[in-house]
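K.L.:
Just one file: coords_12.csv, with CSV, C-alpha atoms.
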chain,number,residue,atom,x,y,z
A,1,MET,CA,105.6,215.7,-127.9
A,2,LYS,CA,107.9,215.8,-124.8
A,3,GLU,CA,110.0,218.8,-124.0
A,4,GLU,CA,113.6,217.9,-123.3
A,5,ASN,CA,115.7,220.1,-121.1
A,6,VAL,CA,119.5,220.0,-121.5
A,7,LEU,CA,122.4,221.2,-119.3
A,8,ARG,CA,126.1,220.8,-120.2
A,9,ILE,CA,128.8,221.7,-117.7
A,10,PRO,CA,132.5,220.9,-117.1
A,11,ALA,CA,132.8,217.5,-115.5
A,12,LYS,CA,133.9,218.7,-112.1
A,13,LEU,CA,132.6,217.8,-108.6
A,14,GLU,CA,131.9,221.5,-108.1
A,15,GLY,CA,129.1,221.2,-110.6
A,16,MET,CA,127.1,218.8,-108.5
A,17,ASP,CA,124.9,221.6,-107.1
A,18,VAL,CA,124.0,222.7,-110.6
A,19,ILE,CA,123.2,219.2,-111.8
A,20,LEU,CA,121.0,218.5,-108.7
A,21,ALA,CA,119.2,221.8,-109.1
A,22,PHE,CA,118.5,221.0,-112.7
A,23,VAL,CA,117.0,217.6,-111.7
A,24,SER,CA,115.0,219.1,-108.8
A,25,TYR,CA,113.6,221.9,-110.8
A,26,LEU,CA,112.3,219.5,-113.5
A,27,LEU,CA,110.8,217.1,-111.0
A,28,ASP,CA,109.3,219.8,-108.8
A,29,THR,CA,107.6,221.5,-111.8
A,30,HIS,CA,105.9,218.2,-112.6
A,31,GLY,CA,104.6,217.4,-109.1
A,32,CYS,CA,107.0,214.6,-108.4
A,33,THR,CA,106.6,212.7,-105.0
A,34,PRO,CA,109.3,213.4,-102.4
A,35,LYS,CA,110.3,209.7,-102.5
A,36,ALA,CA,110.8,209.6,-106.3
A,37,ARG,CA,112.6,213.0,-106.2
A,38,THR,CA,115.0,211.7,-103.6
A,39,GLN,CA,115.7,208.5,-105.5
A,40,LEU,CA,116.3,210.3,-108.8
A,41,ARG,CA,118.5,212.9,-107.2
A,42,MET,CA,120.6,210.2,-105.5
A,43,ALA,CA,120.9,208.1,-108.8
A,44,VAL,CA,121.9,211.2,-110.8
A,45,GLU,CA,124.4,212.2,-108.1
A,46,GLU,CA,126.1,208.7,-108.1
A,47,LEU,CA,126.4,208.7,-111.9
A,48,TYR,CA,127.7,212.3,-112.1
A,49,VAL,CA,130.3,211.6,-109.5
A,50,ASN,CA,131.5,208.6,-111.5
A,51,VAL,CA,131.8,210.8,-114.6
A,52,THR,CA,133.8,213.4,-112.8
A,53,LEU,CA,136.2,210.9,-111.1
A,54,TYR,CA,136.6,208.3,-113.9
A,55,ALA,CA,135.5,209.3,-117.4
A,56,TYR,CA,138.4,211.7,-118.1
A,57,PRO,CA,141.9,210.4,-117.3
A,58,SER,CA,143.2,213.9,-118.0
A,59,GLY,CA,140.8,215.5,-115.6
A,60,GLU,CA,139.3,217.8,-118.2
A,61,GLY,CA,136.0,217.0,-119.8
A,62,TRP,CA,132.3,217.8,-119.9
A,63,ALA,CA,129.0,216.2,-118.7
A,64,GLU,CA,125.6,216.8,-120.1
A,65,ILE,CA,122.3,215.9,-118.6
A,66,ARG,CA,119.0,215.7,-120.6
A,67,GLY,CA,115.8,215.5,-118.8
A,68,SER,CA,112.1,215.1,-119.7
A,69,ILE,CA,108.9,214.0,-118.1
A,70,GLU,CA,106.1,212.5,-120.2
A,71,ASP,CA,103.0,210.6,-119.1
A,72,GLY,CA,104.2,210.5,-115.5
A,73,VAL,CA,107.6,209.0,-116.4
A,74,ALA,CA,110.8,211.0,-115.7
A,75,THR,CA,113.8,210.3,-118.1
A,76,PHE,CA,117.3,211.5,-117.4
A,77,CYS,CA,120.2,210.8,-119.7
A,78,LEU,CA,123.7,211.5,-118.5
A,79,ILE,CA,126.2,211.9,-121.4
A,80,ASP,CA,130.0,212.3,-121.4
A,81,GLY,CA,132.7,212.2,-124.0
A,82,GLY,CA,135.1,210.3,-121.8
A,83,THR,CA,136.6,206.8,-121.9
A,84,PRO,CA,134.0,204.3,-123.1
A,85,PHE,CA,132.6,202.4,-120.1
A,86,ASP,CA,129.4,200.4,-119.6
A,87,PRO,CA,128.6,200.2,-115.9
A,88,LEU,CA,125.8,197.7,-116.6
A,89,ALA,CA,128.2,195.1,-118.1
A,90,LYS,CA,129.5,194.0,-114.7
A,91,PRO,CA,127.3,191.6,-112.7
A,92,ASP,CA,125.6,193.0,-109.6
A,93,PRO,CA,127.6,192.6,-106.5
A,94,ASP,CA,126.6,190.0,-103.9
A,95,ILE,CA,125.5,192.3,-101.1
A,96,LEU,CA,125.3,189.4,-98.7
A,97,LEU,CA,129.1,189.1,-98.7
A,98,SER,CA,131.3,191.1,-96.4
A,99,GLY,CA,133.2,194.1,-97.9
A,100,GLU,CA,136.4,192.1,-97.9
A,101,GLU,CA,134.8,189.2,-99.7
A,102,ARG,CA,132.9,191.3,-102.2
A,103,GLY,CA,135.7,193.6,-103.3
A,104,ILE,CA,135.7,197.1,-104.6
A,105,GLY,CA,133.2,198.5,-107.1
A,106,GLY,CA,129.7,197.9,-108.3
A,107,LEU,CA,127.7,199.1,-105.3
A,108,GLY,CA,127.0,202.5,-106.8
A,109,ILE,CA,125.4,201.3,-110.0
A,110,TYR,CA,123.6,198.6,-108.0
A,111,MET,CA,122.1,201.3,-105.9
A,112,VAL,CA,121.1,203.3,-109.0
A,113,LYS,CA,119.4,200.3,-110.5
A,114,SER,CA,117.5,199.7,-107.3
A,115,MET,CA,116.1,203.3,-107.2
A,116,VAL,CA,114.8,203.6,-110.8
A,117,ASP,CA,112.6,201.5,-113.1
A,118,GLU,CA,115.0,201.3,-116.1
A,119,VAL,CA,118.7,201.9,-116.7
A,120,GLU,CA,120.2,201.7,-120.2
A,121,TYR,CA,123.7,202.3,-121.5
A,122,ALA,CA,124.8,203.1,-125.0
A,123,TYR,CA,127.9,204.3,-126.6
A,124,ARG,CA,127.0,206.6,-129.5
A,125,ASP,CA,128.8,209.3,-131.5
A,126,GLY,CA,131.9,208.9,-129.2
A,127,CYS,CA,129.9,209.4,-126.0
A,128,ASN,CA,128.8,207.4,-123.1
A,129,GLN,CA,125.0,207.7,-122.6
A,130,LEU,CA,123.4,206.3,-119.4
A,131,THR,CA,119.6,206.7,-119.3
A,132,LEU,CA,117.4,206.4,-116.2
A,133,LYS,CA,113.6,206.1,-116.3
A,134,LYS,CA,111.3,206.3,-113.3
A,135,GLN,CA,107.5,206.2,-113.0
A,136,LEU,CA,106.5,209.2,-110.9
If you convert what's in this file into structure tokens, what do you get?
P.N.:
Amino acid sequence: MKEENVLRIPAKLEGMDVILAFVSYLLDTHGCTPKARTQLRMAVEELYVNVTLYAYPSGEGWAEIRGSIEDGVATFCLIDGGTPFDPLAKPDPDILLSGEERGIGGLGIYMVKSMVDEVEYAYRDGCNQLTLKKQL
């Protein structure tokens, strides 16, 4: 049975250090490689920044991260109660185009998808849930 660790904080950019410390602690206590640690931290950072900037039009809200490691696979789920938004619904950007041709948006989630093995989105119980999985 896997042990799930949970952290809920106000969805503010100032909470980034707390979120990253949570991720690092969990990975470091399970012997994660430096490369996988860096990739997971960057992926979580990108997703958390998006929550803080876009999920709550009023600027007030919360973010929760759930993390577990089982059988060498790290799973992190970022949850918020903000505006429903599936970042996986949009097609990947064409990274061969120039910035002007490509337009704004989509590079962050593209980067996240390239650093982890699985990304899943669900909207459940009034919450956005974005789950990342990576083999350690």
K.L.:
What is the distance, in Å and to one decimal place, between atom CA of Ala43 of chain A and atom CA of Tyr25 of chain A?
P.N.:
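One can read the atom CA of Ala43 of chain A to atom CA of Tyr25 of chain A distance as 15.7 Å.
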K.L.:
Suppose you want the space between atom CA of Leu7 of chain A and atom CA of Leu20 of chain A; what is it in Å?
P.N.:
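For atom CA of Leu7 of chain A relative to atom CA of Leu20 of chain A, the distance reads 11.0 Å.
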K.L.:
For Pro10 of chain A, which of A:Ser68, A:Glu46, A:Gly82, A:His30 is the closest residue, counting only C-alpha atoms?
P.N.:
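Of A:Ser68, A:Glu46, A:Gly82, A:His30, the one nearest Pro10 of chain A, counting only C-alpha atoms, is A:Gly82.
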K.L.:
Tell me which residues come within 7 Å of (107.1, 209.5, -111.0), as a list in words, counting only C-alpha atoms in the file's coordinates.
P.N.:
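Taken together, the residues in range are Cys32, Thr33, Ala36, Gly72, Val73, Ala74, Lys134, Gln135 and Leu136 of chain A.
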K.L.:
Report, in Å with one decimal, the straight-line distance from atom CA of Thr75 of chain A to atom CA of Arg124 of chain A.
P.N.:
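Those two atoms sit 17.8 Å apart.
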